[in-house]
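coords.pdb follows; it contains PDB, C-alpha atoms.
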```pdb
MODEL        1
ATOM      1  CA  MET A1050     -24.004-111.664 -31.716
ATOM      2  CA  SER A1051     -20.782-111.297 -33.704
ATOM      3  CA  ASP A1052     -20.353-108.912 -36.604
ATOM      4  CA  THR A1053     -18.039-111.354 -38.379
ATOM      5  CA  LYS A1054     -19.060-113.210 -41.543
ATOM      6  CA  VAL A1055     -18.281-116.507 -39.812
ATOM      7  CA  LYS A1056     -21.150-116.994 -37.363
ATOM      8  CA  LYS A1057     -20.629-120.541 -36.215
ATOM      9  CA  MET A1058     -17.754-123.051 -36.240
ATOM     10  CA  LEU A1059     -18.493-126.757 -35.989
ATOM     11  CA  PHE A1060     -15.532-129.003 -35.306
ATOM     12  CA  ILE A1061     -15.505-132.747 -35.816
ATOM     13  CA  LEU A1062     -12.739-134.257 -33.727
ATOM     14  CA  SER A1063     -11.942-137.814 -34.834
ATOM     15  CA  LYS A1064      -8.521-138.264 -33.228
ATOM     16  CA  ALA A1065      -7.251-138.334 -29.671
ATOM     17  CA  THR A1066      -3.613-137.441 -30.150
ATOM     18  CA  LEU A1067      -2.798-134.492 -27.954
ATOM     19  CA  GLU A1068      -1.876-132.189 -30.841
ATOM     20  CA  ASN A1069      -5.210-132.756 -32.589
ATOM     21  CA  VAL A1070      -7.280-132.398 -29.441
ATOM     22  CA  TYR A1071      -5.581-129.114 -28.557
ATOM     23  CA  ALA A1072      -5.963-127.833 -32.108
ATOM     24  CA  ALA A1073      -9.715-128.358 -31.864
ATOM     25  CA  PHE A1074      -9.944-126.906 -28.349
ATOM     26  CA  VAL A1075      -7.879-123.798 -29.076
ATOM     27  CA  MET A1076      -9.862-123.050 -32.223
ATOM     28  CA  ALA A1077     -13.226-123.702 -30.582
ATOM     29  CA  ASN A1078     -12.310-121.502 -27.616
ATOM     30  CA  GLY A1079     -10.840-118.855 -29.918
ATOM     31  CA  ALA A1080     -14.125-118.729 -31.807
ATOM     32  CA  ARG A1081     -16.081-118.073 -28.600
ATOM     33  CA  MET A1082     -13.605-115.354 -27.630
ATOM     34  CA  GLU A1083     -14.358-113.637 -30.940
ATOM     35  CA  GLY A1084     -18.086-113.859 -30.380
ATOM     36  CA  ILE A1085     -18.495-116.757 -32.827
ATOM     37  CA  GLU A1086     -20.618-119.757 -31.840
ATOM     38  CA  SER A1087     -18.715-123.045 -31.621
ATOM     39  CA  GLU A1088     -19.464-126.722 -31.127
ATOM     40  CA  ILE A1089     -17.368-129.883 -31.118
ATOM     41  CA  PHE A1090     -18.601-133.302 -32.284
ATOM     42  CA  PHE A1091     -16.418-136.042 -30.836
ATOM     43  CA  THR A1092     -16.322-139.146 -32.990
ATOM     44  CA  PHE A1093     -14.253-142.342 -33.217
ATOM     45  CA  PHE A1094     -10.984-141.918 -31.330
ATOM     46  CA  GLY A1095     -11.872-138.329 -30.592
ATOM     47  CA  LEU A1096     -14.204-139.778 -27.938
ATOM     48  CA  GLU A1097     -11.168-140.487 -25.758
ATOM     49  CA  ALA A1098     -10.955-136.750 -25.105
ATOM     50  CA  ILE A1099     -14.346-136.773 -23.342
ATOM     51  CA  GLN A1100     -14.037-140.077 -21.470
ATOM     52  CA  LYS A1101     -13.580-139.339 -17.782
ATOM     53  CA  LYS A1102     -10.992-142.082 -17.329
ATOM     54  CA  LYS A1103      -8.968-141.350 -20.437
ATOM     55  CA  LEU A1104      -8.955-137.625 -21.032
ATOM     56  CA  GLU A1105      -5.967-136.815 -18.846
ATOM     57  CA  HIS A1106      -3.905-139.597 -20.420
ATOM     58  CA  LEU A1107      -3.802-138.531 -24.048
ATOM     59  CA  HIS A1108      -0.484-138.741 -25.886
ATOM     60  CA  VAL A1109       1.315-137.082 -28.768
ATOM     61  CA  ALA A1110       2.017-139.415 -31.685
ATOM     62  CA  THR A1111       5.724-140.194 -31.997
ATOM     63  CA  VAL A1112       5.311-142.780 -34.777
ATOM     64  CA  GLY A1113       4.262-141.772 -38.280
ATOM     65  CA  ASN A1114       4.842-138.115 -37.508
ATOM     66  CA  PRO A1115       7.819-136.793 -39.507
ATOM     67  CA  ALA A1116       7.643-133.426 -37.761
ATOM     68  CA  MET A1117       8.748-135.081 -34.512
ATOM     69  CA  HIS A1118      12.181-135.424 -36.169
ATOM     70  CA  MET A1119      12.653-138.783 -34.571
ATOM     71  CA  PRO A1120      13.346-142.067 -36.381
ATOM     72  CA  THR A1121      10.158-144.157 -36.574
ATOM     73  CA  MET A1122      11.878-147.122 -34.911
ATOM     74  CA  LEU A1123      12.883-144.964 -31.952
ATOM     75  CA  GLY A1124       9.427-143.435 -31.637
ATOM     76  CA  GLY A1125       8.012-146.923 -31.184
ATOM     77  CA  LEU A1126      10.257-147.891 -28.268
ATOM     78  CA  PRO A1127       8.561-148.278 -24.874
ATOM     79  CA  GLY A1128       8.365-145.021 -22.956
ATOM     80  CA  VAL A1129       9.306-142.716 -25.826
ATOM     81  CA  GLU A1130       5.740-141.621 -26.477
ATOM     82  CA  ALA A1131       5.187-141.001 -22.774
ATOM     83  CA  LEU A1132       8.374-138.955 -22.556
ATOM     84  CA  ALA A1133       7.518-136.868 -25.617
ATOM     85  CA  THR A1134       4.051-136.279 -24.170
ATOM     86  CA  LYS A1135       5.474-135.187 -20.845
ATOM     87  CA  MET A1136       7.794-132.735 -22.559
ATOM     88  CA  MET A1137       5.021-131.308 -24.667
ATOM     89  CA  LYS A1138       2.692-130.907 -21.691
ATOM     90  CA  LYS A1139       5.447-129.041 -19.872
ATOM     91  CA  GLU A1140       5.832-126.628 -22.775
ATOM     92  CA  MET A1141       2.082-126.123 -22.920
ATOM     93  CA  GLU A1142       1.895-125.386 -19.203
ATOM     94  CA  LYS A1143       4.498-122.660 -19.741
ATOM     95  CA  LEU A1144       2.121-121.033 -22.210
ATOM     96  CA  ASP A1145      -0.668-121.326 -19.650
ATOM     97  CA  MET A1146      -2.546-123.879 -21.739
ATOM     98  CA  PRO A1147      -4.971-125.724 -19.476
ATOM     99  CA  PRO A1148      -4.952-129.530 -19.168
ATOM    100  CA  VAL A1149      -7.639-131.382 -21.168
ATOM    101  CA  GLY A1150     -10.174-131.640 -18.315
ATOM    102  CA  GLU A1151      -9.924-127.975 -17.376
ATOM    103  CA  PHE A1152     -10.006-126.947 -21.026
ATOM    104  CA  LEU A1153     -13.296-128.852 -21.479
ATOM    105  CA  GLU A1154     -14.747-126.982 -18.489
ATOM    106  CA  ILE A1155     -13.637-123.660 -19.945
ATOM    107  CA  LEU A1156     -15.194-124.561 -23.305
ATOM    108  CA  SER A1157     -18.468-125.599 -21.731
ATOM    109  CA  ASP A1158     -18.609-122.485 -19.525
ATOM    110  CA  SER A1159     -17.863-120.363 -22.586
ATOM    111  CA  GLY A1160     -20.940-121.721 -24.308
ATOM    112  CA  CYS A1161     -19.185-124.139 -26.654
ATOM    113  CA  LYS A1162     -21.470-127.148 -27.171
ATOM    114  CA  LEU A1163     -19.875-130.575 -26.738
ATOM    115  CA  TRP A1164     -21.452-133.548 -28.516
ATOM    116  CA  ALA A1165     -20.615-137.251 -28.694
ATOM    117  CA  CYS A1166     -21.223-139.202 -31.899
ATOM    118  CA  LYS A1167     -23.881-141.863 -31.361
ATOM    119  CA  LEU A1168     -22.428-144.374 -33.785
ATOM    120  CA  ALA A1169     -18.977-144.194 -32.211
ATOM    121  CA  VAL A1170     -20.401-144.334 -28.663
ATOM    122  CA  ASP A1171     -22.233-147.538 -29.621
ATOM    123  CA  MET A1172     -19.214-148.957 -31.389
ATOM    124  CA  PHE A1173     -16.935-148.503 -28.378
ATOM    125  CA  HIS A1174     -19.703-149.763 -26.016
ATOM    126  CA  LEU A1175     -19.635-146.564 -23.999
ATOM    127  CA  GLU A1176     -22.297-145.456 -21.536
ATOM    128  CA  LYS A1177     -23.308-141.902 -20.730
ATOM    129  CA  GLU A1178     -21.585-142.317 -17.340
ATOM    130  CA  ASP A1179     -18.243-142.903 -19.070
ATOM    131  CA  LEU A1180     -18.403-139.451 -20.612
ATOM    132  CA  ILE A1181     -17.817-136.040 -19.012
ATOM    133  CA  ASP A1182     -20.683-134.412 -17.105
ATOM    134  CA  ASP A1183     -20.423-131.247 -19.200
ATOM    135  CA  LEU A1184     -21.398-133.156 -22.355
ATOM    136  CA  ASP A1185     -24.414-131.576 -24.067
ATOM    137  CA  GLY A1186     -25.654-134.831 -25.540
ATOM    138  CA  ILE A1187     -25.166-137.749 -27.910
ATOM    139  CA  LEU A1188     -26.081-136.969 -31.516
ATOM    140  CA  THR A1189     -26.424-138.753 -34.831
ATOM    141  CA  ILE A1190     -24.628-137.195 -37.740
ATOM    142  CA  GLY A1191     -28.007-136.048 -39.040
ATOM    143  CA  ASP A1192     -28.650-134.163 -35.801
ATOM    144  CA  PHE A1193     -25.238-132.584 -36.132
ATOM    145  CA  TYR A1194     -25.876-131.437 -39.699
ATOM    146  CA  ASN A1195     -29.106-129.855 -38.537
ATOM    147  CA  ARG A1196     -27.021-127.742 -36.164
ATOM    148  CA  ALA A1197     -25.017-126.545 -39.180
ATOM    149  CA  ASP A1198     -28.118-125.435 -41.033
ATOM    150  CA  GLN A1199     -27.685-121.682 -40.865
ATOM    151  CA  GLU A1200     -25.834-119.053 -42.820
ATOM    152  CA  GLY A1201     -22.215-118.359 -41.938
ATOM    153  CA  THR A1202     -21.579-121.854 -40.518
ATOM    154  CA  HIS A1203     -18.328-123.694 -41.177
ATOM    155  CA  LEU A1204     -17.477-127.331 -40.536
ATOM    156  CA  LEU A1205     -13.956-128.470 -39.843
ATOM    157  CA  PHE A1206     -12.792-132.091 -39.640
ATOM    158  CA  ILE A1207      -9.811-132.765 -37.417
TER     159      ILE A1207
ATOM    160  CA  MET B 931      -5.886 -91.754 -34.776
ATOM    161  CA  ASP B 932      -8.062 -89.396 -32.763
ATOM    162  CA  LYS B 933     -11.575 -90.131 -31.743
ATOM    163  CA  THR B 934     -14.073 -87.845 -30.045
ATOM    164  CA  ILE B 935     -16.054 -89.511 -27.366
ATOM    165  CA  GLY B 936     -18.519 -87.489 -25.301
ATOM    166  CA  GLN B 937     -16.607 -84.292 -24.473
ATOM    167  CA  ALA B 938     -13.130 -85.784 -24.776
ATOM    168  CA  THR B 939     -10.725 -86.587 -27.573
ATOM    169  CA  ILE B 940      -8.767 -89.814 -27.222
ATOM    170  CA  SER B 941      -6.214 -91.572 -29.415
ATOM    171  CA  VAL B 942      -7.149 -95.069 -30.494
ATOM    172  CA  ASP B 943      -5.789 -97.711 -32.859
ATOM    173  CA  GLN B 944      -7.656 -98.965 -35.937
ATOM    174  CA  GLU B 945      -9.812-101.314 -33.914
ATOM    175  CA  GLY B 946     -10.750 -98.662 -31.374
ATOM    176  CA  TYR B 947      -8.404 -99.568 -28.497
ATOM    177  CA  LEU B 948      -6.919 -96.689 -26.540
ATOM    178  CA  THR B 949      -3.249 -96.193 -27.329
ATOM    179  CA  ASP B 950      -2.576 -94.105 -24.225
ATOM    180  CA  PHE B 951      -4.006 -95.418 -20.977
ATOM    181  CA  SER B 952      -3.465 -92.065 -19.238
ATOM    182  CA  GLN B 953      -6.350 -90.706 -21.317
ATOM    183  CA  TRP B 954      -8.737 -93.236 -19.804
ATOM    184  CA  ASN B 955     -11.393 -92.481 -17.221
ATOM    185  CA  LYS B 956     -14.681 -94.045 -16.221
ATOM    186  CA  GLU B 957     -16.743 -91.767 -18.469
ATOM    187  CA  ILE B 958     -14.707 -92.819 -21.490
ATOM    188  CA  GLY B 959     -15.066 -96.470 -20.454
ATOM    189  CA  THR B 960     -18.822 -96.010 -20.183
ATOM    190  CA  GLU B 961     -19.015 -94.443 -23.645
ATOM    191  CA  ILE B 962     -16.921 -97.198 -25.250
ATOM    192  CA  ALA B 963     -19.133 -99.767 -23.535
ATOM    193  CA  LYS B 964     -22.233 -98.107 -24.951
ATOM    194  CA  GLU B 965     -20.766 -98.363 -28.446
ATOM    195  CA  GLN B 966     -20.326-102.068 -27.768
ATOM    196  CA  GLY B 967     -23.930-102.354 -26.662
ATOM    197  CA  ILE B 968     -23.077-102.741 -22.977
ATOM    198  CA  ASP B 969     -24.614-100.811 -20.072
ATOM    199  CA  MET B 970     -22.068-100.741 -17.291
ATOM    200  CA  THR B 971     -23.064-101.992 -13.832
ATOM    201  CA  ASP B 972     -21.067-102.316 -10.600
ATOM    202  CA  LYS B 973     -20.214-105.888 -11.545
ATOM    203  CA  HIS B 974     -18.876-104.731 -14.916
ATOM    204  CA  TRP B 975     -16.622-102.199 -13.162
ATOM    205  CA  GLU B 976     -15.361-104.840 -10.782
ATOM    206  CA  VAL B 977     -14.212-106.848 -13.795
ATOM    207  CA  ILE B 978     -12.679-103.792 -15.453
ATOM    208  CA  ASP B 979     -10.767-103.041 -12.219
ATOM    209  CA  TYR B 980      -9.413-106.585 -12.177
ATOM    210  CA  ILE B 981      -8.378-106.382 -15.833
ATOM    211  CA  GLN B 982      -6.622-103.054 -15.365
ATOM    212  CA  GLN B 983      -4.856-104.415 -12.292
ATOM    213  CA  GLN B 984      -3.593-107.416 -14.277
ATOM    214  CA  PHE B 985      -2.411-105.079 -17.003
ATOM    215  CA  LYS B 986      -0.528-102.868 -14.525
ATOM    216  CA  ASN B 987       1.141-105.945 -13.061
ATOM    217  CA  GLU B 988       2.031-107.085 -16.578
ATOM    218  CA  GLU B 989       0.127-110.320 -16.066
ATOM    219  CA  PRO B 990      -1.114-111.774 -19.357
ATOM    220  CA  LEU B 991      -4.889-111.841 -19.697
ATOM    221  CA  SER B 992      -6.572-115.082 -20.680
ATOM    222  CA  ILE B 993      -9.873-116.809 -20.236
ATOM    223  CA  ARG B 994      -8.133-119.251 -17.892
ATOM    224  CA  GLY B 995      -6.995-116.306 -15.803
ATOM    225  CA  ILE B 996     -10.594-115.112 -15.516
ATOM    226  CA  LYS B 997     -11.549-118.557 -14.217
ATOM    227  CA  LYS B 998      -8.891-118.299 -11.520
ATOM    228  CA  SER B 999      -9.487-114.610 -10.759
ATOM    229  CA  GLY B1000     -12.060-115.138  -8.018
ATOM    230  CA  VAL B1001     -13.869-112.041  -9.362
ATOM    231  CA  LEU B1002     -16.315-113.929 -11.567
ATOM    232  CA  ASP B1003     -16.621-117.201 -13.452
ATOM    233  CA  ILE B1004     -16.438-117.696 -17.192
ATOM    234  CA  LYS B1005     -20.203-117.967 -17.654
ATOM    235  CA  GLU B1006     -20.736-114.613 -15.938
ATOM    236  CA  PHE B1007     -17.920-113.094 -17.990
ATOM    237  CA  TYR B1008     -19.632-114.102 -21.241
ATOM    238  CA  ALA B1009     -22.970-112.892 -19.906
ATOM    239  CA  LEU B1010     -21.595-109.465 -18.906
ATOM    240  CA  PHE B1011     -19.653-108.869 -22.131
ATOM    241  CA  PRO B1012     -21.492-110.844 -24.818
ATOM    242  CA  GLY B1013     -19.836-111.428 -28.161
ATOM    243  CA  GLY B1014     -16.133-111.631 -27.314
ATOM    244  CA  PRO B1015     -15.744-110.859 -23.602
ATOM    245  CA  LEU B1016     -11.991-110.310 -23.300
ATOM    246  CA  LYS B1017     -11.904-108.285 -26.502
ATOM    247  CA  LYS B1018     -14.680-105.986 -25.326
ATOM    248  CA  ALA B1019     -13.614-105.776 -21.681
ATOM    249  CA  THR B1020     -10.067-104.731 -22.584
ATOM    250  CA  MET B1021     -11.396-102.097 -24.965
ATOM    251  CA  ILE B1022     -13.619-100.658 -22.232
ATOM    252  CA  ALA B1023     -10.715-100.853 -19.769
ATOM    253  CA  GLY B1024      -8.592 -98.731 -22.122
ATOM    254  CA  ILE B1025      -5.805-101.278 -22.474
ATOM    255  CA  PRO B1026      -4.476-103.079 -25.579
ATOM    256  CA  LYS B1027      -6.283-106.093 -27.029
ATOM    257  CA  PRO B1028      -4.746-109.298 -25.619
ATOM    258  CA  LYS B1029      -2.407-111.045 -28.030
ATOM    259  CA  SER B1030      -2.877-114.512 -26.557
ATOM    260  CA  CYS B1031      -4.589-117.368 -28.446
ATOM    261  CA  ILE B1032      -6.095-118.880 -25.309
TER     262      ILE B1032
ENDMDL
END
```
Represent the supplied structure as structure tokens.
Amino acid sequence: MSDTKVKKMLFILSKATLENVYAAFVMANGARMEGIESEIFFTFFGLEAIQKKKLEHLHVATVGNPAMHMPTMLGGLPGVEALATKMMKKEMEKLDMPPVGEFLEILSDSGCKLWACKLAVDMFHLEKEDLIDDLDGILTIGDFYNRADQEGTHLLFI
Amino acid sequence: MDKTIGQATISVDQEGYLTDFSQWNKEIGTEIAKEQGIDMTDKHWEVIDYIQQQFKNEEPLSIRGIKKSGVLDIKEFYALFPGGPLKKATMIAGIPKPKSCI
């Protein structure tokens, strides 16, 4: 469909900090907007972003993140992470960035495939019902590699 | 630069977007759509109308905005303008390519 050299972008999202989740979502959506196929494979903590009960409660990391310009000790105090998250969400709303749940809907409607990693689903004892309805399925890593088996495909680990 | 389309000459940027909206009309939109592999239907024009309206009101265009537009949903948008819907729809509508990342 696209006349670009990149035909398909496959993202592996392994983290559930807000900044990483949005990075994956913006890039996956951006690919679709350019006519490039895109898919996201949610693994390990990345699974939090597709768990119905957790997806609207993701946080930015205030500890171990030097770019927050906040002393590590302070970042670890109760409430600091929640406050930083609230501030960031406010800024994102100003830029018309959708909340996680709505963003997942947009991605799914745009034709971006959303996959959960089987190993991680088993490890966290999750059931299909715990995950969003728009999920396209639960895959092994082998299945996922099969989806990458065409020219012009790129994989990106986040 | 100038581009001849059908009977008319229009000025476009390097990517083919009209640089002067006053030169736009439906025939030009139809021709641009053809170049993009799209045959315009009433539904396509409804979307183009919406997009031009947003542009006139200086409302930023985004995929989220399409979802809220009430004109069509995102799935239909991708089906009507396959391969980069907002990119193609704005080109057909004769307005600049949206600068937004979302």
Residues of chain B within 9 Å of chain A: nearest atom pair and distance (Å, one decimal) for each, counting only C-alpha atoms, sorted by chain and number, as a tab-separated table?
```
residue	atom	partner	partner_atom	distance
B:Ser992	CA	A:Asp1145	CA	8.7
B:Ile993	CA	A:Ile1155	CA	7.8
B:Arg994	CA	A:Ile1155	CA	7.3
B:Gly995	CA	A:Asp1145	CA	8.9
B:Lys997	CA	A:Ile1155	CA	8.0
B:Asp1003	CA	A:Asp1158	CA	8.3
B:Ile1004	CA	A:Asp1158	CA	5.8
B:Lys1005	CA	A:Asp1158	CA	5.1
B:Glu1006	CA	A:Asp1158	CA	8.9
B:Phe1007	CA	A:Ser1159	CA	8.6
B:Tyr1008	CA	A:Ser1159	CA	6.6
B:Pro1012	CA	A:Gly1084	CA	7.2
B:Gly1013	CA	A:Gly1084	CA	3.7
B:Gly1014	CA	A:Gly1084	CA	4.3
B:Pro1015	CA	A:Met1082	CA	6.4
B:Leu1016	CA	A:Met1082	CA	6.8
B:Lys1017	CA	A:Met1082	CA	7.4
B:Cys1031	CA	A:Gly1079	CA	6.6
B:Ile1032	CA	A:Val1075	CA	6.4
```
Checklist outcome for this item: Min atom-atom distance to A:Ile1207 from the set A:Phe1193, A:Phe1093, A:Tyr1071, A:Phe1060, counting only C-alpha atoms, belongs to A:Phe1060
Checklist entry - Mind telling me what the PyMOL selection byres ((chain A and resi 1094-1104) around 10) catches here, as number ranges by chain? => result A: 1061-1067, 1069-1071, 1090-1093, 1105-1108, 1148-1150, 1153, 1163-1166, 1169-1170, 1173, 1175-1184, 1207
Item to check | Selection dump of the PyMOL selection byres ((chain A and resi 1133) around 12), as a list of chain:residue names | outcome: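 This file, filtered by the PyMOL selection byres ((chain A and resi 1133) around 12), leaves A:Leu1067, A:Glu1068, A:Leu1107, A:His1108, A:Val1109, A:Ala1110, A:Thr1111, A:Val1112, A:Met1117, A:His1118, A:Met1119, A:Leu1123, A:Gly1124, A:Gly1125, A:Leu1126, A:Pro1127, A:Gly1128, A:Val1129, A:Glu1130, A:Ala1131, A:Leu1132, A:Thr1134, A:Lys1135, A:Met1136, A:Met1137, A:Lys1138, A:Lys1139, A:Glu1140.
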Item to check | Residue neighbourhood stretch 966-970 of chain B, 9 Å, all atoms listed in the file, exclusion window fewer than 4 positions, as a list in words | outcome: Gly959, Thr960, Glu961, Ile962, His974, Trp975, Leu1010, Phe1011, Pro1012, Lys1018 and Ile1022 of chain B
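Counting from atom CA of A:Thr1053, the distance to atom CA of B:Glu945 is 13.7 Å.
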